[in-house]
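> Following this line is query37.tsv, made up of TSV, C-alpha atoms and all ligand atoms:
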```
chain	number	residue	atom	x	y	z
A	1	MET	CA	105.74	128.44	98.07
A	2	CYS	CA	104.05	125.21	99.18
A	3	TYR	CA	100.24	125.18	99.21
A	4	CYS	CA	98.08	122.66	100.99
A	5	LEU	CA	94.39	121.82	100.81
A	6	SER	CA	92.51	123.04	103.84
A	7	MET	CA	89.41	120.91	103.41
A	8	ARG	CA	89.17	117.24	104.14
A	9	THR	CA	88.29	115.04	101.22
A	10	LEU	CA	87.26	111.39	101.12
A	11	ILE	CA	87.01	109.29	97.97
A	12	LEU	CA	84.77	106.21	98.05
A	13	TYR	CA	84.75	103.74	95.20
A	14	TYR	CA	82.98	100.63	93.99
A	15	SER	CA	84.94	98.64	91.43
A	16	LYS	CA	85.01	95.07	90.20
A	17	THR	CA	87.60	94.94	87.45
A	18	GLY	CA	89.84	97.70	88.82
A	19	ASN	CA	89.16	100.72	86.60
A	20	THR	CA	87.19	102.75	89.13
A	21	GLN	CA	89.62	101.80	91.89
A	22	LYS	CA	92.57	103.04	89.81
A	23	TYR	CA	90.82	106.35	89.07
A	24	ALA	CA	89.89	106.77	92.75
A	25	GLU	CA	93.43	106.03	93.92
A	26	ASP	CA	95.05	108.30	91.34
A	27	ILE	CA	92.74	111.21	92.25
A	28	ALA	CA	93.41	110.56	95.96
A	29	GLU	CA	97.15	110.55	95.38
A	30	ALA	CA	97.00	113.88	93.54
A	31	LEU	CA	94.77	115.45	96.21
A	32	LYS	CA	96.59	113.74	99.10
A	33	CYS	CA	93.25	112.70	100.52
A	34	ASP	CA	91.69	109.55	101.98
A	35	VAL	CA	90.37	106.80	99.71
A	36	LEU	CA	88.24	103.82	100.72
A	37	PRO	CA	86.19	101.05	99.11
A	38	PHE	CA	82.51	101.91	99.56
A	39	LYS	CA	81.87	98.73	101.56
A	40	LYS	CA	84.21	100.00	104.30
A	41	PHE	CA	82.44	103.34	104.61
A	42	LYS	CA	80.49	104.05	107.81
A	43	LYS	CA	77.93	106.85	108.25
A	44	LYS	CA	79.81	108.19	111.27
A	45	MET	CA	82.75	109.09	108.98
A	46	ILE	CA	80.71	111.78	107.19
A	47	ASP	CA	81.41	114.40	109.87
A	48	ASP	CA	85.16	114.02	109.30
A	49	TYR	CA	85.01	115.37	105.74
A	50	ASP	CA	84.00	118.50	103.79
A	51	THR	CA	84.12	116.92	100.35
A	52	ILE	CA	82.97	113.40	99.55
A	53	ILE	CA	83.69	111.88	96.14
A	54	PHE	CA	81.86	108.72	95.12
A	55	GLY	CA	83.11	106.78	92.10
A	56	SER	CA	81.49	103.67	90.69
A	57	ARG	CA	81.18	101.50	87.61
A	58	VAL	CA	78.30	101.60	85.15
A	59	MET	CA	76.28	98.51	84.29
A	60	GLY	CA	73.34	98.81	81.92
A	61	THR	CA	73.34	102.61	82.44
A	62	ARG	CA	72.99	102.20	86.22
A	63	ILE	CA	75.75	103.53	88.45
A	64	GLN	CA	76.39	100.64	90.82
A	65	LYS	CA	75.88	101.26	94.58
A	66	LEU	CA	74.68	104.80	93.90
A	67	ASP	CA	71.37	104.14	95.67
A	68	PRO	CA	72.95	103.18	99.03
A	69	PHE	CA	75.33	106.14	98.70
A	70	LEU	CA	72.52	108.62	97.98
A	71	ALA	CA	70.43	107.09	100.77
A	72	MET	CA	72.81	109.06	103.03
A	73	TYR	CA	72.29	112.31	101.07
A	74	ASP	CA	70.45	114.05	103.91
A	75	LEU	CA	73.46	113.53	106.14
A	76	MET	CA	75.80	114.91	103.45
A	77	LYS	CA	73.91	117.81	101.95
A	78	GLU	CA	76.10	120.43	103.64
A	79	LYS	CA	79.14	118.80	102.00
A	80	ASN	CA	80.57	119.10	98.51
A	81	ILE	CA	79.49	115.91	96.77
A	82	ILE	CA	81.16	114.74	93.58
A	83	ILE	CA	80.08	111.62	91.74
A	84	PHE	CA	81.99	109.97	88.93
A	85	ALA	CA	80.80	107.04	86.84
A	86	VAL	CA	83.14	104.73	84.96
A	87	GLY	CA	81.90	102.86	81.90
A	88	MET	CA	83.15	101.66	78.54
A	89	SER	CA	80.93	104.12	76.60
A	90	VAL	CA	82.54	107.02	74.81
A	91	VAL	CA	81.83	110.17	76.84
A	92	THR	CA	79.43	112.45	74.97
A	93	LYS	CA	76.76	114.98	75.95
A	94	THR	CA	74.13	112.28	75.29
A	95	THR	CA	75.78	109.47	77.30
A	96	ARG	CA	76.32	111.91	80.16
A	97	GLU	CA	72.69	113.08	80.09
A	98	ASP	CA	71.50	109.46	79.92
A	99	LEU	CA	73.48	108.65	83.07
A	100	ILE	CA	72.11	111.71	84.87
A	101	LYS	CA	68.51	110.88	83.90
A	102	GLY	CA	68.84	107.10	84.33
A	103	ASN	CA	70.23	107.52	87.84
A	104	LEU	CA	67.97	110.45	88.87
A	105	LEU	CA	71.05	112.57	89.59
A	106	ASP	CA	69.22	115.77	88.69
A	107	MET	CA	67.27	115.38	91.95
A	108	TYR	CA	70.41	116.03	94.01
A	109	HIS	CA	72.84	118.88	94.51
A	110	VAL	CA	75.93	117.05	93.26
A	111	ARG	CA	78.64	117.52	90.64
A	112	PHE	CA	78.74	114.66	88.14
A	113	TYR	CA	81.55	113.40	85.90
A	114	GLN	CA	81.69	110.48	83.49
A	115	LEU	CA	85.05	108.80	82.91
A	116	ARG	CA	85.64	106.27	80.16
A	117	GLY	CA	87.10	103.04	81.53
A	118	SER	CA	88.47	99.83	80.14
A	119	PHE	CA	86.46	96.70	79.44
A	120	ASP	CA	87.90	93.20	79.47
A	121	TYR	CA	85.48	90.30	78.98
A	122	SER	CA	88.05	87.82	80.33
A	123	LYS	CA	88.08	89.65	83.70
A	124	LEU	CA	84.32	89.43	84.21
A	125	GLY	CA	82.80	87.29	86.93
A	126	PHE	CA	80.33	84.49	86.27
A	127	VAL	CA	77.14	86.57	86.58
A	128	GLU	CA	78.48	89.43	84.47
A	129	ARG	CA	79.51	87.03	81.70
A	130	ILE	CA	75.97	85.66	81.67
A	131	LEU	CA	74.57	89.20	81.43
A	132	MET	CA	76.93	90.06	78.58
A	133	ASP	CA	76.22	86.76	76.78
A	134	ASN	CA	72.49	87.46	77.06
A	135	SER	CA	73.05	90.86	75.41
A	136	PHE	CA	75.00	89.15	72.61
A	137	ARG	CA	72.18	86.64	72.11
A	138	LEU	CA	69.42	89.28	72.12
A	139	ILE	CA	71.23	91.51	69.67
A	140	GLN	CA	71.97	88.61	67.32
A	141	LYS	CA	68.21	88.02	66.96
A	142	ASP	CA	67.69	91.57	65.73
A	143	PRO	CA	68.31	91.77	61.96
A	144	ASP	CA	68.71	95.59	62.10
A	145	SER	CA	71.55	95.45	64.57
A	146	LYS	CA	74.41	94.32	62.32
A	147	PRO	CA	76.84	97.14	63.33
A	148	ASP	CA	76.02	96.64	67.04
A	149	GLN	CA	76.52	92.89	66.69
A	150	GLU	CA	79.94	93.40	65.17
A	151	ALA	CA	80.91	95.89	67.85
A	152	LEU	CA	79.75	93.56	70.64
A	153	LEU	CA	81.48	90.51	69.20
A	154	ALA	CA	84.70	92.50	68.79
A	155	LEU	CA	84.35	93.52	72.44
A	156	LYS	CA	84.35	89.88	73.50
A	157	GLU	CA	87.61	89.20	71.68
A	158	ASN	CA	89.47	92.50	72.08
A	159	PRO	CA	89.54	94.37	75.37
A	160	ILE	CA	89.03	98.14	75.35
A	161	VAL	CA	91.91	99.77	77.17
A	162	VAL	CA	91.29	103.40	78.08
A	163	TYR	CA	92.58	105.77	80.73
A	164	ASP	CA	90.76	109.11	80.81
A	165	GLN	CA	93.55	111.39	82.03
A	166	ALA	CA	91.65	114.55	81.02
A	167	GLY	CA	88.65	113.43	83.11
A	168	VAL	CA	90.86	112.68	86.10
A	169	ASP	CA	92.57	116.08	85.78
A	170	ARG	CA	89.17	117.80	85.60
A	171	ILE	CA	87.99	116.22	88.87
A	172	ILE	CA	91.29	117.07	90.60
A	173	SER	CA	91.12	120.68	89.42
A	174	VAL	CA	87.47	121.05	90.51
A	175	VAL	CA	88.24	119.78	94.01
A	176	ARG	CA	91.17	122.19	94.23
A	177	LYS	CA	88.90	125.05	93.11
A	178	ILE	CA	86.14	124.35	95.63
A	179	ASP	CA	88.72	124.04	98.34
A	180	THR	CA	90.16	127.09	100.09
A	181	VAL	CA	93.82	127.02	99.30
A	182	VAL	CA	95.99	128.58	101.97
A	183	PRO	CA	99.76	128.99	102.04
A	184	GLU	CA	101.25	126.37	104.33
A	185	GLY	CA	102.15	127.68	107.77
A	186	LEU	CA	99.54	130.48	107.92
A	201	LIG	C1	77.04	93.34	82.22
A	201	LIG	C2	77.76	94.64	81.98
A	201	LIG	C3	77.05	95.75	81.56
A	201	LIG	C4	77.72	96.96	81.31
A	201	LIG	N1	76.99	98.04	80.92
A	201	LIG	C5	77.64	99.19	80.65
A	201	LIG	C6	76.89	100.33	80.22
A	201	LIG	O1	75.67	100.31	80.11
A	201	LIG	N2	77.59	101.48	79.94
A	201	LIG	C7	78.94	101.54	80.04
A	201	LIG	O2	79.50	102.60	79.76
A	201	LIG	N3	79.66	100.49	80.46
A	201	LIG	C8	79.06	99.32	80.76
A	201	LIG	N4	79.78	98.23	81.16
A	201	LIG	C9	81.24	98.35	81.22
A	201	LIG	C10	81.83	98.56	82.62
A	201	LIG	O3	81.13	99.41	83.40
A	201	LIG	C11	83.26	99.04	82.48
A	201	LIG	O4	84.04	97.98	82.00
A	201	LIG	C12	83.88	99.63	83.75
A	201	LIG	O5	85.12	100.17	83.41
A	201	LIG	C13	84.06	98.64	84.89
A	201	LIG	O6	84.51	99.28	86.05
A	201	LIG	P1	85.42	98.55	87.15
A	201	LIG	O7	86.67	98.06	86.42
A	201	LIG	O8	85.74	99.59	88.15
A	201	LIG	O9	84.64	97.40	87.73
A	201	LIG	C14	79.14	97.04	81.45
A	201	LIG	C15	79.85	95.91	81.88
A	201	LIG	C16	79.17	94.73	82.15
A	201	LIG	C17	79.96	93.56	82.62
```
Please lay out the structure from this file as structure tokens.
Ligand SMILES: Cc1cc2nc3c(=O)[nH]c(=O)nc-3n(C[C@H](O)[C@H](O)[C@H](O)COP(=O)(O)O)c2cc1C

Amino acid sequence: MCYCLSMRTLILYYSKTGNTQKYAEDIAEALKCDVLPFKKFKKKMIDDYDTIIFGSRVMGTRIQKLDPFLAMYDLMKEKNIIIFAVGMSVVTKTTREDLIKGNLLDMYHVRFYQLRGSFDYSKLGFVERILMDNSFRLIQKDPDSKPDQEALLALKENPIVVYDQAGVDRIISVVRKIDTVVPEGL
């Protein structure tokens, strides 16, 4: 029997080097739902959806564009809201809690997921390279940071390539669970 999702889902994403975009598009393909870059999103679209997923990249523990997204929270609070953050950090209980606290997510009724993404220094824009180079310089001045220095320098030379399939599957399965699944044709 063929089942279809009865609720309308929209995925919004903010991505610079493509990781978050790929996750957003893959989740949208699996859920057969709409997907849009955040900059194309208009408030008037909110009424068209029951579930809104917002995915964005992490920079310095901040989830980019989260503030303008959550500025519309009052208009969305009757909806299912899912947020996913994409960063190069390994996903652990601590990194997840740091993202929740650092982005004040515990003040909102949202589901939150952290996906590990790739990092490629050669793909960074001018400003981001400066930010990364500043981190390299600061850490090199700290004599206690030898392991961190090595890790950061390795990062500059060797890209991290990660695709978090388990994280993607988890988000897809959660959306399917919160949705009311009805047999097609009823
Ligand atoms: C300046 C800078 C700071 C970053 N800070 C973090 C961070 O604090 N935590 C993290 O997990 N990833 C961090 N990253 C890694 C990116 O978020 C990661 O590469 C992500 O996959 C990029 O997403 P995108 O490809 O969708 O743009 C940082 C990247 C840059 C350039």
> Residues within 8 Å of ligand LIG 201 (chain A), counting all atoms listed in the file: report them as number ranges by chain.
A: 14-22, 56-62, 86-90, 116-121, 124, 128-132
> May I ask for the distance between atom CA of A:Leu12 and atom CA of A:Thr92, given in Å to one decimal place?
24.5 Å
> Could you tell me which of A:Ile172, A:Ile178, A:Val162, A:Leu104 comes closest to A:Glu29 if we count all atoms listed in the file?
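Closest candidate: A:Ile172.
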> Quick check, in Å to one decimal: how far apart do atom CA of A:Leu10 and atom CA of A:Ile81 lie?
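Distance reported for this atom pair: 10.0 Å.
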> Just how far from atom CA of A:Ala24 is atom CA of A:Lys79, in Å to one decimal?
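If I compute the distance from atom CA of A:Lys79 to atom CA of A:Ala24, I get 18.6 Å.
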> What's the 12 Å shell around A:Lys93, counting only C-alpha atoms, without same-chain residues fewer than 5 positions away, as a list in words?
Asp98, Leu99, Ile100, Tyr113 and Gln114 of chain A
> Would you mind listing what lies within 7 Å of A:Ile52 as a ChimeraX atom specification, with only C-alpha atoms counted and same-chain residues fewer than 3 positions away left out?
/A:9-11,49,80-82
> So that I can see what lies close to A:Ile27, please list as an mmCIF file with C-alpha atoms, in the frame of the given file the residues with an atom at most 7 Å from it, counting only C-alpha atoms and leaving out residues fewer than 4 positions away in the same chain.

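The file below, out02.cif, is the result:
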```
data_model
loop_
_atom_site.group_PDB
_atom_site.id
_atom_site.type_symbol
_atom_site.label_atom_id
_atom_site.label_comp_id
_atom_site.auth_asym_id
_atom_site.auth_seq_id
_atom_site.Cartn_x
_atom_site.Cartn_y
_atom_site.Cartn_z
ATOM 1 C CA TYR A 23 90.820 106.350 89.070
ATOM 2 C CA LEU A 31 94.770 115.450 96.210
ATOM 3 C CA VAL A 168 90.860 112.680 86.100
ATOM 4 C CA ILE A 172 91.290 117.070 90.600
#
```
> Would you place a box with edges along x, y and z of the file around all atoms of stretch 74-90 of chain A listed there, add 3 Å to each of its six sides, and report the centre and edge lengths in Å to one decimal, as lines of an AutoDock Vina configuration file?

```
center_x = 76.8
center_y = 111.0
center_z = 90.5
size_x = 18.7
size_y = 24.8
size_z = 37.3
```
